[in-house]
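Raw entry_25.pdb, PDB, C-alpha atoms:
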```
ATOM      1  CA  MET B   1      35.435 115.935 -49.247
ATOM      2  CA  THR B   2      37.885 116.847 -46.523
ATOM      3  CA  ALA B   3      35.799 119.767 -45.533
ATOM      4  CA  HIS B   4      32.787 117.554 -44.974
ATOM      5  CA  ARG B   5      34.751 115.128 -42.618
ATOM      6  CA  ARG B   6      36.145 117.746 -40.266
ATOM      7  CA  PRO B   7      32.818 118.664 -38.607
ATOM      8  CA  LEU B   8      32.208 114.900 -37.968
ATOM      9  CA  LEU B   9      35.569 114.310 -36.287
ATOM     10  CA  PHE B  10      35.171 117.365 -34.196
ATOM     11  CA  ALA B  11      31.794 116.229 -33.005
ATOM     12  CA  VAL B  12      33.158 112.805 -31.966
ATOM     13  CA  ALA B  13      36.096 114.301 -30.080
ATOM     14  CA  SER B  14      33.791 116.665 -28.258
ATOM     15  CA  ALA B  15      31.573 113.770 -27.212
ATOM     16  CA  ALA B  16      34.529 111.784 -25.870
ATOM     17  CA  LEU B  17      35.673 114.680 -23.716
ATOM     18  CA  VAL B  18      32.236 115.127 -22.304
ATOM     19  CA  CYS B  19      31.518 111.325 -21.473
ATOM     20  CA  PRO B  20      34.854 109.488 -20.823
ATOM     21  CA  ALA B  21      33.189 106.706 -18.742
ATOM     22  CA  CYS B  22      31.044 105.517 -21.599
ATOM     23  CA  LEU B  23      34.027 104.368 -23.711
ATOM     24  CA  PHE B  24      34.483 100.368 -23.704
ATOM     25  CA  ILE B  25      35.551  97.495 -25.927
ATOM     26  CA  PRO B  26      32.942  94.820 -26.429
ATOM     27  CA  ALA B  27      33.967  91.129 -25.471
ATOM     28  CA  GLN B  28      32.518  87.635 -25.774
ATOM     29  CA  PRO B  29      29.559  87.404 -23.491
ATOM     30  CA  THR B  30      29.889  84.818 -20.608
ATOM     31  CA  PRO B  31      26.707  83.009 -19.773
ATOM     32  CA  ILE B  32      25.764  82.647 -16.156
ATOM     33  CA  THR B  33      25.951  78.901 -15.045
ATOM     34  CA  SER B  34      24.399  77.451 -11.927
ATOM     35  CA  PRO B  35      26.602  75.454  -9.414
ATOM     36  CA  GLU B  36      24.841  72.140 -10.233
ATOM     37  CA  MET B  37      25.474  72.610 -13.918
ATOM     38  CA  ARG B  38      29.147  73.521 -13.234
ATOM     39  CA  ASP B  39      29.714  70.309 -11.197
ATOM     40  CA  LYS B  40      28.175  68.209 -13.914
ATOM     41  CA  ILE B  41      30.408  69.797 -16.542
ATOM     42  CA  ASN B  42      33.526  69.211 -14.435
ATOM     43  CA  ALA B  43      32.570  65.564 -13.883
ATOM     44  CA  GLN B  44      32.106  65.007 -17.612
ATOM     45  CA  ALA B  45      35.466  66.623 -18.341
ATOM     46  CA  SER B  46      37.202  64.373 -15.769
ATOM     47  CA  ALA B  47      35.586  61.239 -17.227
ATOM     48  CA  LYS B  48      36.721  62.201 -20.710
ATOM     49  CA  SER B  49      40.291  62.751 -19.450
ATOM     50  CA  THR B  50      40.365  59.302 -17.805
ATOM     51  CA  GLU B  51      38.914  57.675 -20.903
ATOM     52  CA  HIS B  52      41.554  59.341 -23.027
ATOM     53  CA  ALA B  53      44.341  58.082 -20.779
ATOM     54  CA  ASN B  54      42.987  54.513 -20.871
ATOM     55  CA  LYS B  55      42.795  54.656 -24.619
ATOM     56  CA  ASP B  56      46.471  55.658 -24.792
ATOM     57  CA  VAL B  57      47.546  52.596 -22.774
ATOM     58  CA  PHE B  58      45.018  49.810 -23.138
ATOM     59  CA  GLY B  59      42.722  50.781 -25.967
ATOM     60  CA  GLU B  60      38.965  51.261 -25.964
ATOM     61  CA  LEU B  61      37.143  50.042 -22.879
ATOM     62  CA  PRO B  62      34.110  47.839 -23.543
ATOM     63  CA  SER B  63      30.821  49.631 -23.288
ATOM     64  CA  ARG B  64      28.728  46.450 -22.907
ATOM     65  CA  PRO B  65      29.284  42.728 -22.136
ATOM     66  CA  GLY B  66      30.702  40.692 -25.020
ATOM     67  CA  GLU B  67      32.262  43.671 -26.789
ATOM     68  CA  THR B  68      35.787  43.131 -28.190
ATOM     69  CA  VAL B  69      38.403  45.702 -27.258
ATOM     70  CA  ALA B  70      40.984  46.625 -29.879
ATOM     71  CA  ILE B  71      44.593  46.704 -28.789
ATOM     72  CA  ARG B  72      46.501  49.884 -29.465
ATOM     73  CA  PRO B  73      48.013  49.373 -32.937
ATOM     74  CA  ALA B  74      51.283  51.155 -32.174
ATOM     75  CA  LEU B  75      52.136  48.875 -29.220
ATOM     76  CA  LYS B  76      51.233  45.738 -31.156
ATOM     77  CA  ALA B  77      53.204  46.806 -34.206
ATOM     78  CA  ILE B  78      56.360  47.654 -32.307
ATOM     79  CA  HIS B  79      56.353  44.721 -29.835
ATOM     80  CA  PRO B  80      54.284  41.746 -31.030
ATOM     81  CA  GLY B  81      52.841  39.912 -28.094
ATOM     82  CA  ALA B  82      53.489  42.846 -25.765
ATOM     83  CA  GLU B  83      49.815  43.084 -24.929
ATOM     84  CA  THR B  84      49.832  39.560 -23.501
ATOM     85  CA  THR B  85      53.064  40.131 -21.623
ATOM     86  CA  SER B  86      51.771  43.359 -20.190
ATOM     87  CA  SER B  87      48.582  41.731 -18.932
ATOM     88  CA  ILE B  88      50.499  38.841 -17.371
ATOM     89  CA  ALA B  89      53.002  41.182 -15.795
ATOM     90  CA  ALA B  90      50.157  43.290 -14.442
ATOM     91  CA  GLY B  91      48.635  40.193 -12.856
ATOM     92  CA  LEU B  92      51.897  39.023 -11.347
ATOM     93  CA  ALA B  93      52.854  42.431 -10.039
ATOM     94  CA  THR B  94      50.527  41.997  -7.068
ATOM     95  CA  ASP B  95      52.489  38.885  -5.912
ATOM     96  CA  VAL B  96      55.935  40.463  -6.084
ATOM     97  CA  LYS B  97      57.423  41.170  -2.678
ATOM     98  CA  PRO B  98      60.226  43.641  -2.164
ATOM     99  CA  ILE B  99      63.626  42.128  -1.384
ATOM    100  CA  ALA B 100      65.638  43.732   1.345
ATOM    101  CA  MET B 101      69.069  44.580   0.020
ATOM    102  CA  THR B 102      72.072  45.225   2.200
ATOM    103  CA  PRO B 103      75.397  46.674   1.142
ATOM    104  CA  GLY B 104      77.651  43.976  -0.251
ATOM    105  CA  SER B 105      74.823  41.468  -0.796
ATOM    106  CA  LEU B 106      75.059  41.555  -4.570
ATOM    107  CA  PRO B 107      77.253  38.847  -6.134
ATOM    108  CA  THR B 108      80.647  39.856  -7.375
ATOM    109  CA  VAL B 109      80.952  39.751 -11.126
ATOM    110  CA  VAL B 110      84.014  37.787 -12.193
ATOM    111  CA  THR B 111      85.636  38.925 -15.370
ATOM    112  CA  GLY B 112      88.229  37.052 -17.330
ATOM    113  CA  PRO B 113      88.910  33.268 -17.404
ATOM    114  CA  ILE B 114      87.758  31.236 -14.383
ATOM    115  CA  GLN B 115      90.536  29.260 -12.673
ATOM    116  CA  LEU B 116      89.550  26.197 -10.650
ATOM    117  CA  THR B 117      91.756  25.319  -7.673
ATOM    118  CA  HIS B 118      92.431  21.626  -6.957
ATOM    119  CA  LYS B 119      93.758  20.569  -3.576
ATOM    120  CA  GLU B 120      96.333  17.792  -3.689
ATOM    121  CA  SER B 121      95.879  14.658  -1.641
ATOM    122  CA  PRO B 122      97.910  14.358   1.591
ATOM    123  CA  LEU B 123      99.919  11.524   0.028
ATOM    124  CA  LEU B 124     101.114  13.647  -2.910
ATOM    125  CA  GLU B 125     101.954  16.533  -0.598
ATOM    126  CA  ALA B 126     103.906  14.218   1.707
ATOM    127  CA  VAL B 127     105.864  12.678  -1.180
ATOM    128  CA  ARG B 128     106.713  16.156  -2.452
ATOM    129  CA  ALA B 129     107.844  17.224   1.017
ATOM    130  CA  TYR B 130     110.130  14.186   1.320
ATOM    131  CA  SER B 131     111.547  14.765  -2.146
ATOM    132  CA  GLU B 132     112.331  18.345  -1.076
ATOM    133  CA  ASN B 133     114.072  17.038   2.068
ATOM    134  CA  LYS B 134     111.338  18.281   4.420
ATOM    135  CA  PRO B 135     110.408  15.187   6.456
ATOM    136  CA  ASN B 136     108.882  17.185   9.308
ATOM    137  CA  ARG B 137     106.561  18.887   6.858
ATOM    138  CA  ALA B 138     105.525  15.466   5.487
ATOM    139  CA  ILE B 139     104.739  14.218   8.985
ATOM    140  CA  GLU B 140     102.511  17.226   9.637
ATOM    141  CA  ILE B 141     100.651  16.653   6.373
ATOM    142  CA  LEU B 142     100.005  12.987   7.137
ATOM    143  CA  LYS B 143      98.397  13.785  10.484
ATOM    144  CA  SER B 144      95.123  14.225   8.602
ATOM    145  CA  LEU B 145      95.069  10.446   7.908
ATOM    146  CA  ASP B 146      93.861   7.744  10.279
ATOM    147  CA  SER B 147      96.486   6.289  12.592
ATOM    148  CA  PRO B 148      96.999   2.942  10.734
ATOM    149  CA  ASN B 149      97.279   4.799   7.425
ATOM    150  CA  GLN B 150      99.774   7.246   8.919
ATOM    151  CA  GLU B 151     101.998   4.401  10.093
ATOM    152  CA  PHE B 152     101.980   2.691   6.724
ATOM    153  CA  VAL B 153     102.561   5.822   4.650
ATOM    154  CA  LEU B 154     105.330   7.018   6.988
ATOM    155  CA  ALA B 155     107.034   3.666   6.448
ATOM    156  CA  VAL B 156     106.612   3.618   2.656
ATOM    157  CA  VAL B 157     107.187   7.249   1.619
ATOM    158  CA  PRO B 158     110.881   7.322   2.641
ATOM    159  CA  ILE B 159     111.371   4.091   0.662
ATOM    160  CA  LEU B 160     109.832   5.700  -2.417
ATOM    161  CA  ALA B 161     111.965   8.795  -2.008
ATOM    162  CA  ARG B 162     115.139   6.724  -1.698
ATOM    163  CA  GLY B 163     114.160   4.316  -4.471
ATOM    164  CA  ALA B 164     113.592   7.206  -6.899
ATOM    165  CA  THR B 165     117.246   8.260  -6.665
ATOM    166  CA  ALA B 166     118.996   4.946  -5.844
ATOM    167  CA  ASP B 167     121.107   3.069  -8.361
ATOM    168  CA  LEU B 168     119.007  -0.079  -8.408
ATOM    169  CA  ALA B 169     121.110  -1.677 -11.144
ATOM    170  CA  ASN B 170     124.582  -1.196  -9.653
ATOM    171  CA  ASP B 171     124.174  -0.716  -5.884
ATOM    172  CA  PRO B 172     123.388  -4.077  -4.227
ATOM    173  CA  ALA B 173     123.921  -2.678  -0.732
ATOM    174  CA  GLY B 174     121.396   0.103  -1.347
ATOM    175  CA  VAL B 175     118.912  -2.365  -2.786
ATOM    176  CA  ALA B 176     119.335  -4.581   0.300
ATOM    177  CA  ILE B 177     118.398  -1.644   2.512
ATOM    178  CA  LEU B 178     115.275  -1.033   0.427
ATOM    179  CA  VAL B 179     114.320  -4.713   0.735
ATOM    180  CA  GLU B 180     114.649  -4.600   4.512
ATOM    181  CA  GLN B 181     112.560  -1.453   4.686
ATOM    182  CA  LEU B 182     109.855  -2.955   2.454
ATOM    183  CA  GLU B 183     109.714  -6.115   4.569
ATOM    184  CA  ALA B 184     109.376  -4.032   7.722
ATOM    185  CA  ALA B 185     106.537  -2.033   6.145
ATOM    186  CA  ALA B 186     104.788  -5.250   5.062
ATOM    187  CA  SER B 187     105.087  -6.725   8.566
ATOM    188  CA  ARG B 188     103.116  -3.733   9.892
ATOM    189  CA  LEU B 189     100.128  -4.865   7.834
ATOM    190  CA  GLU B 190     100.540  -8.618   8.231
ATOM    191  CA  SER B 191      98.446  -8.807  11.378
ATOM    192  CA  ARG B 192      95.538  -7.094   9.550
ATOM    193  CA  ALA B 193      95.768  -8.966   6.239
ATOM    194  CA  ALA B 194      93.430 -11.853   5.421
ATOM    195  CA  LEU B 195      94.825 -15.339   5.849
ATOM    196  CA  ARG B 196      95.553 -17.255   2.658
ATOM    197  CA  ILE B 197      95.973 -20.986   2.095
ATOM    198  CA  GLU B 198      98.400 -21.675  -0.752
ATOM    199  CA  ASN B 199      99.848 -24.784  -2.405
ATOM    200  CA  MET B 200      97.236 -27.140  -0.967
ATOM    201  CA  ALA B 201      98.140 -30.565  -2.344
ATOM    202  CA  PHE B 202      98.275 -34.251  -1.508
ATOM    203  CA  CYS B 203     101.853 -35.332  -1.052
ATOM    204  CA  GLY B 204     104.257 -38.084  -0.064
ATOM    205  CA  LYS B 205     107.394 -37.338   1.916
ATOM    206  CA  VAL B 206     107.718 -33.797   3.375
ATOM    207  CA  SER B 207     111.099 -32.268   4.339
ATOM    208  CA  GLY B 208     110.061 -28.699   5.174
ATOM    209  CA  PHE B 209     108.426 -25.580   3.773
ATOM    210  CA  SER B 210     107.861 -26.053   0.019
ATOM    211  CA  ARG B 211     109.907 -29.284   0.167
ATOM    212  CA  TYR B 212     107.611 -32.198  -0.441
ATOM    213  CA  GLU B 213     106.956 -35.009  -2.900
ATOM    214  CA  LEU B 214     103.768 -34.291  -4.833
ATOM    215  CA  TRP B 215     101.200 -37.101  -5.051
ATOM    216  CA  PRO B 216     100.482 -37.790  -8.735
ATOM    217  CA  GLU B 217      97.500 -35.767  -9.912
ATOM    218  CA  GLY B 218      94.405 -37.947 -10.380
ATOM    219  CA  GLN B 219      95.984 -41.051  -8.871
ATOM    220  CA  PRO B 220      93.452 -42.694  -6.513
ATOM    221  CA  TYR B 221      94.077 -44.004  -3.036
ATOM    222  CA  HIS B 222      93.260 -47.471  -1.800
ATOM    223  CA  PRO B 223      91.076 -48.127   1.252
ATOM    224  CA  ASN B 224      92.935 -47.718   4.561
ATOM    225  CA  ASP B 225      95.914 -45.978   2.887
ATOM    226  CA  GLN B 226      97.579 -43.145   4.770
ATOM    227  CA  ALA B 227      97.066 -39.844   2.916
ATOM    228  CA  GLN B 228      98.931 -36.620   3.611
ATOM    229  CA  LEU B 229      97.656 -33.137   2.834
ATOM    230  CA  TYR B 230     100.196 -30.310   2.598
ATOM    231  CA  LEU B 231      99.271 -26.588   2.667
ATOM    232  CA  GLU B 232     101.010 -23.259   3.193
ATOM    233  CA  VAL B 233      99.520 -20.395   5.220
ATOM    234  CA  ARG B 234     100.271 -16.747   4.486
ATOM    235  CA  ASN B 235      99.891 -13.657   6.675
ATOM    236  CA  LEU B 236     100.172 -15.396  10.037
ATOM    237  CA  LEU B 237     101.720 -13.175  12.675
ATOM    238  CA  SER B 238     104.862 -14.173  14.557
ATOM    239  CA  ALA B 239     104.124 -12.775  18.002
ATOM    240  CA  PRO B 240     107.004 -11.879  20.354
ATOM    241  CA  THR B 241     107.212 -14.466  23.136
ATOM    242  CA  THR B 242     109.666 -16.624  25.042
ATOM    243  CA  GLY B 243     109.930 -20.226  23.871
ATOM    244  CA  PRO B 244     111.018 -23.330  25.785
ATOM    245  CA  ARG B 245     114.544 -23.085  24.332
ATOM    246  CA  GLY B 246     114.908 -19.342  24.439
ATOM    247  CA  GLU B 247     113.049 -18.609  21.228
ATOM    248  CA  THR B 248     111.758 -15.050  20.794
ATOM    249  CA  HIS B 249     108.708 -15.530  18.544
ATOM    250  CA  LEU B 250     105.725 -17.835  18.173
ATOM    251  CA  THR B 251     103.699 -18.509  15.012
ATOM    252  CA  HIS B 252     100.376 -20.088  15.872
ATOM    253  CA  ALA B 253      97.535 -21.484  13.737
ATOM    254  CA  ARG B 254      94.295 -23.325  14.531
ATOM    255  CA  ALA B 255      92.985 -25.881  12.027
ATOM    256  CA  ALA B 256      89.686 -27.708  11.451
ATOM    257  CA  VAL B 257      89.396 -30.541   8.897
ATOM    258  CA  GLU B 258      86.320 -32.363   7.600
ATOM    259  CA  ILE B 259      85.901 -35.060   4.948
ATOM    260  CA  LYS B 260      82.678 -35.626   2.975
ATOM    261  CA  ASP B 261      81.638 -38.249   0.477
ATOM    262  CA  ALA B 262      79.988 -37.579  -2.901
ATOM    263  CA  HIS B 263      76.594 -37.197  -1.165
ATOM    264  CA  GLY B 264      77.852 -34.581   1.310
ATOM    265  CA  VAL B 265      77.848 -36.969   4.265
ATOM    266  CA  LEU B 266      80.588 -36.394   6.827
ATOM    267  CA  VAL B 267      83.154 -39.160   7.199
ATOM    268  CA  LYS B 268      84.313 -39.762  10.763
ATOM    269  CA  GLN B 269      88.034 -39.408  11.445
ATOM    270  CA  PRO B 270      90.312 -40.258  14.362
ATOM    271  CA  ASP B 271      90.586 -37.548  17.007
ATOM    272  CA  PRO B 272      94.247 -36.374  17.234
ATOM    273  CA  GLU B 273      93.961 -36.202  21.018
ATOM    274  CA  ASP B 274      92.675 -39.780  21.260
ATOM    275  CA  TRP B 275      93.079 -42.094  18.259
ATOM    276  CA  ARG B 276      90.507 -44.506  19.676
ATOM    277  CA  ARG B 277      87.768 -41.893  19.281
ATOM    278  CA  ARG B 278      86.116 -40.860  15.972
ATOM    279  CA  VAL B 279      84.820 -37.333  15.262
ATOM    280  CA  ASP B 280      83.071 -35.587  12.365
ATOM    281  CA  VAL B 281      85.444 -32.610  12.377
ATOM    282  CA  VAL B 282      89.065 -32.839  13.424
ATOM    283  CA  LYS B 283      90.459 -29.801  15.266
ATOM    284  CA  PHE B 284      94.098 -29.236  16.130
ATOM    285  CA  GLU B 285      96.677 -26.472  16.591
ATOM    286  CA  LYS B 286     100.146 -25.962  15.231
ATOM    287  CA  LYS B 287     102.677 -23.849  17.084
ATOM    288  CA  LEU B 288     106.109 -22.982  15.769
ATOM    289  CA  PHE B 289     108.694 -21.257  17.988
ATOM    290  CA  SER B 290     111.518 -19.371  16.301
ATOM    291  CA  ARG B 291     114.287 -16.885  17.056
ATOM    292  CA  GLY B 292     112.765 -14.295  14.770
ATOM    293  CA  PRO B 293     109.620 -13.587  12.762
ATOM    294  CA  ILE B 294     108.933 -16.168  10.070
ATOM    295  CA  HIS B 295     106.745 -15.958   6.979
ATOM    296  CA  ASP B 296     107.149 -19.539   5.690
ATOM    297  CA  PHE B 297     104.538 -21.465   7.616
ATOM    298  CA  HIS B 298     103.091 -24.793   6.502
ATOM    299  CA  VAL B 299     100.642 -27.338   7.907
ATOM    300  CA  LEU B 300     100.715 -31.113   7.274
ATOM    301  CA  TYR B 301      97.620 -33.215   7.962
ATOM    302  CA  ALA B 302      97.733 -37.023   7.745
ATOM    303  CA  PHE B 303      94.565 -39.147   7.838
ATOM    304  CA  PRO B 304      93.439 -42.700   7.006
ATOM    305  CA  VAL B 305      91.698 -43.081   3.655
ATOM    306  CA  PRO B 306      88.004 -44.093   3.876
ATOM    307  CA  THR B 307      87.268 -47.775   3.403
ATOM    308  CA  THR B 308      84.468 -47.281   0.861
ATOM    309  CA  PRO B 309      85.505 -46.531  -2.760
ATOM    310  CA  GLY B 310      84.210 -43.285  -4.213
ATOM    311  CA  VAL B 311      84.880 -39.572  -4.634
ATOM    312  CA  TYR B 312      85.584 -37.540  -1.506
ATOM    313  CA  SER B 313      86.447 -33.954  -0.641
ATOM    314  CA  VAL B 314      88.537 -32.663   2.224
ATOM    315  CA  THR B 315      88.035 -29.112   3.523
ATOM    316  CA  VAL B 316      90.607 -27.362   5.702
ATOM    317  CA  GLU B 317      89.874 -24.195   7.693
ATOM    318  CA  ILE B 318      92.727 -22.168   9.204
ATOM    319  CA  ARG B 319      92.294 -19.451  11.857
ATOM    320  CA  ASP B 320      94.730 -17.138  13.587
ATOM    321  CA  PRO B 321      94.997 -17.304  17.412
ATOM    322  CA  THR B 322      92.364 -14.573  17.817
ATOM    323  CA  GLY B 323      89.886 -16.449  15.615
ATOM    324  CA  ARG B 324      88.984 -13.285  13.656
ATOM    325  CA  ARG B 325      90.879 -14.110  10.477
ATOM    326  CA  VAL B 326      89.807 -17.281   8.685
ATOM    327  CA  SER B 327      90.685 -19.011   5.421
ATOM    328  CA  SER B 328      89.417 -22.295   4.008
ATOM    329  CA  GLU B 329      90.135 -24.455   0.949
ATOM    330  CA  LYS B 330      88.711 -27.702  -0.433
ATOM    331  CA  LYS B 331      90.321 -30.459  -2.493
ATOM    332  CA  GLU B 332      88.938 -33.689  -3.971
ATOM    333  CA  PHE B 333      90.484 -37.195  -3.960
ATOM    334  CA  ARG B 334      89.320 -40.624  -5.103
ATOM    335  CA  VAL B 335      89.339 -44.000  -3.432
ATOM    336  CA  THR B 336      89.373 -47.104  -5.638
ATOM    337  CA  GLY B 337      88.664 -50.721  -4.830
ATOM    338  CA  PRO B 338      91.267 -53.090  -3.365
TER
END
```
How does this structure look as structure tokens?
Amino acid sequence: MTAHRRPLLFAVASAALVCPACLFIPAQPTPITSPEMRDKINAQASAKSTEHANKDVFGELPSRPGETVAIRPALKAIHPGAETTSSIAAGLATDVKPIAMTPGSLPTVVTGPIQLTHKESPLLEAVRAYSENKPNRAIEILKSLDSPNQEFVLAVVPILARGATADLANDPAGVAILVEQLEAAASRLESRAALRIENMAFCGKVSGFSRYELWPEGQPYHPNDQAQLYLEVRNLLSAPTTGPRGETHLTHARAAVEIKDAHGVLVKQPDPEDWRRRVDVVKFEKKLFSRGPIHDFHVLYAFPVPTTPGVYSVTVEIRDPTGRRVSSEKKEFRVTGP
């Protein structure tokens, strides 16, 4: 068998040496495609690639109106509701405007417990400064207050500082100093305080401030009796002045008195400047000269009782000399038959 194959191999080798250019390996034949066909193929391939990408993100695109598009199962399974969020976010993305950021514009993140700072009031700071024996510091602190408030606080704070350490139970001299300082501080405000009428009462004999005989409560007067009305006035200012006998202060009040019957009709009274004349409202002034400021000031008004029995009311109005501060009080009395 070997002898029969040798002549065949020899013949093949001889043929290869004679025709070397005719030796080749067959391959897959490539068809010849026209340019129009090649463009069409490329366009179809591009469309398929885009369709594949859309399927990966949004699912199948509708091929005709009214067709329902299935959401990609993987996205819906992992994040329920993500399809709705994605569509909303896609719609809002067109309205988002870029924000210009500058270095240091981001807020500082505070870690740990937050501590709130509380600024003390000027009064507390001033009291602390006085208690630490720093009066100049207290004065500087109080400059933030209005001028009248500064004056009052500067007068009161030293009293508080001294009163906190004084022996109020066993040091009468120290207590006397505190009393004088408190009275001086109160006098600073007296000219600004509202007037007050106190202890308004019908009375008999009067000997001075708070010294009078009280008319019995509810006891009526008789026609043509002489009635006396006593009242005390607080917060009147004793102004520095020179009196006729060398006095140094003057306390001055202006009064207006009216009497009405039970029907609100004014009862005429004698005019203090001319007893022969009758007026609806009596007006008079009381001036008291003294050699120092006084706080015990009283007014006494005497008038004839109406001749007709009935219930009456007397109203007294007190003003300071400037007329800006006013106080008024009313009191009833009865007149019985003869």
Of the residues B:Ala201, B:Val156, B:Ala227, B:Val281, which is the one nearest to Lys330 in chain B, using only C-alpha atoms? B:Ala201
Set out as a Markdown table a contact list for range 146-214 of chain B and range 249-255 of chain B with a cut-off of 12 Å, giving each residue of range 146-214 of chain B that qualifies its closest atom pair and distance in Å to one decimal, counting all atoms listed in the file, ordered by chain and rising residue number.
```
| residue | atom | partner | partner_atom | distance |
| --- | --- | --- | --- | --- |
| B:Ser191 | CA | B:Thr251 | CA | 11.6 |
| B:Leu195 | CA | B:Ala253 | CA | 10.4 |
| B:Ile197 | CA | B:Ala255 | CA | 11.5 |
```
CA of Tyr230 in chain B to CA of Phe209 in chain B: how many Å, to one decimal?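 These two atoms are separated by 9.6 Å.
Once the PyMOL selection byres ((chain B and resi 210) around 12) is applied to this file, the selection holds Glu198, Asn199, Met200, Ala201, Cys203, Lys205, Val206, Ser207, Gly208, Phe209, Arg211, Tyr212, Glu213, Leu214, Tyr230, Leu231, Glu232, Val233, Asp296, Phe297, His298, Val299 and Leu300 of chain B.
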Do you know which residues are at most 8 Å from Glu317 in chain B counting all atoms listed in the file, after dropping those on the same chain fewer than 6 positions away, and could you put them as a PyMOL selection string? chain B and resi 255-257+326-329
Let me see the file: selected residues, C-alpha atoms, as a compact mmCIF listing (two decimals), in the frame of the given file.
```txt
# COMPACT_ATOMS: atom_id res chain seq x y z
CA ALA B 255 92.98 -25.88 12.03
CA ALA B 256 89.69 -27.71 11.45
CA VAL B 257 89.40 -30.54 8.90
CA VAL B 326 89.81 -17.28 8.68
CA SER B 327 90.68 -19.01 5.42
CA SER B 328 89.42 -22.30 4.01
CA GLU B 329 90.14 -24.46 0.95
```
Atomic separation - CA of Arg234 in chain B relative to CA of Ala185 in chain B, Å: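 Separating CA of Ala185 in chain B from CA of Arg234 in chain B is a distance of 16.1 Å.
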Determine, counting only C-alpha atoms, which protein, DNA and RNA residues have an atom within 7 Å of an atom of range 262-272 of chain B; residues of the same chain fewer than 6 positions away are not included. Present the result as a list in words. Arg278, Val279, Asp280, Val282, Val311 and Tyr312 of chain B
Mind giving me the straight-line distance from CA of Arg196 in chain B to CA of Arg291 in chain B in Å, one decimal?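 Between CA of Arg196 in chain B and CA of Arg291 in chain B the gap works out to 23.6 Å.
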Specify as a ChimeraX atom specification each residue included when the PyMOL selection byres ((chain B and resi 237) around 12) is applied to this file. /B:186-195,233-236,238-241,249-253,287-289,292-297,319-322,325
Determine the nearest neighbour of Gln228 in chain B from the options B:Asn170, B:Leu160, B:Glu140, B:Phe202, counting all atoms listed in the file. B:Phe202
For the file shown, report as a PyMOL selection string the outcome of the PyMOL selection byres ((chain B and resi 245) around 10) at residue level. chain B and resi 242-244+246-248+289-291
For the point (96.7, -53.0, 2.4) in file coordinates, what residues are within 12 Å, counting only C-alpha atoms? Give the answer as a ChimeraX atom specification? /B:221-226,304-305,307,337-338
What are the centre and the three edge lengths of an axis-aligned box that wraps all atoms of range 243-255 of chain B in the file, given that 5 Å is added to every side, written as AutoDock Vina command-line options and rounded to one decimal in Å?
```
--center_x 103.9 --center_y -20.5 --center_z 18.9 --size_x 31.9 --size_y 20.8 --size_z 23.8
```
Generate the coordinates of N, CA and C atoms for range 282-293 of chain B; report them as a PDB file, in the coordinates of the input.
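Below is the file rebuild.pdb, written as the result:
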```pdb
ATOM      1  N   VAL B 282      87.810 -32.767  12.684  1.00  0.00           N
ATOM      2  CA  VAL B 282      89.065 -32.839  13.424  1.00  0.00           C
ATOM      3  C   VAL B 282      89.578 -31.421  13.663  1.00  0.00           C
ATOM      4  N   LYS B 283      89.917 -31.109  14.910  1.00  0.00           N
ATOM      5  CA  LYS B 283      90.459 -29.801  15.266  1.00  0.00           C
ATOM      6  C   LYS B 283      91.815 -29.985  15.958  1.00  0.00           C
ATOM      7  N   PHE B 284      92.771 -29.177  15.530  1.00  0.00           N
ATOM      8  CA  PHE B 284      94.098 -29.236  16.130  1.00  0.00           C
ATOM      9  C   PHE B 284      94.781 -27.879  15.962  1.00  0.00           C
ATOM     10  N   GLU B 285      95.890 -27.698  16.654  1.00  0.00           N
ATOM     11  CA  GLU B 285      96.677 -26.472  16.591  1.00  0.00           C
ATOM     12  C   GLU B 285      98.112 -26.804  16.214  1.00  0.00           C
ATOM     13  N   LYS B 286      98.722 -25.836  15.533  1.00  0.00           N
ATOM     14  CA  LYS B 286     100.146 -25.962  15.231  1.00  0.00           C
ATOM     15  C   LYS B 286     100.859 -24.713  15.716  1.00  0.00           C
ATOM     16  N   LYS B 287     101.890 -24.947  16.546  1.00  0.00           N
ATOM     17  CA  LYS B 287     102.677 -23.849  17.084  1.00  0.00           C
ATOM     18  C   LYS B 287     104.133 -24.036  16.672  1.00  0.00           C
ATOM     19  N   LEU B 288     104.723 -22.925  16.221  1.00  0.00           N
ATOM     20  CA  LEU B 288     106.109 -22.982  15.769  1.00  0.00           C
ATOM     21  C   LEU B 288     106.888 -21.856  16.445  1.00  0.00           C
ATOM     22  N   PHE B 289     107.837 -22.241  17.331  1.00  0.00           N
ATOM     23  CA  PHE B 289     108.694 -21.257  17.988  1.00  0.00           C
ATOM     24  C   PHE B 289     109.915 -20.990  17.112  1.00  0.00           C
ATOM     25  N   SER B 290     110.367 -19.759  17.121  1.00  0.00           N
ATOM     26  CA  SER B 290     111.518 -19.371  16.301  1.00  0.00           C
ATOM     27  C   SER B 290     112.275 -18.240  16.992  1.00  0.00           C
ATOM     28  N   ARG B 291     113.467 -17.966  16.495  1.00  0.00           N
ATOM     29  CA  ARG B 291     114.287 -16.885  17.056  1.00  0.00           C
ATOM     30  C   ARG B 291     114.145 -15.584  16.251  1.00  0.00           C
ATOM     31  N   GLY B 292     113.082 -15.496  15.522  1.00  0.00           N
ATOM     32  CA  GLY B 292     112.765 -14.295  14.770  1.00  0.00           C
ATOM     33  C   GLY B 292     111.451 -14.495  14.033  1.00  0.00           C
ATOM     34  N   PRO B 293     110.872 -13.433  13.513  1.00  0.00           N
ATOM     35  CA  PRO B 293     109.620 -13.587  12.762  1.00  0.00           C
ATOM     36  C   PRO B 293     109.828 -14.467  11.530  1.00  0.00           C
TER      37      PRO B 293
END
```
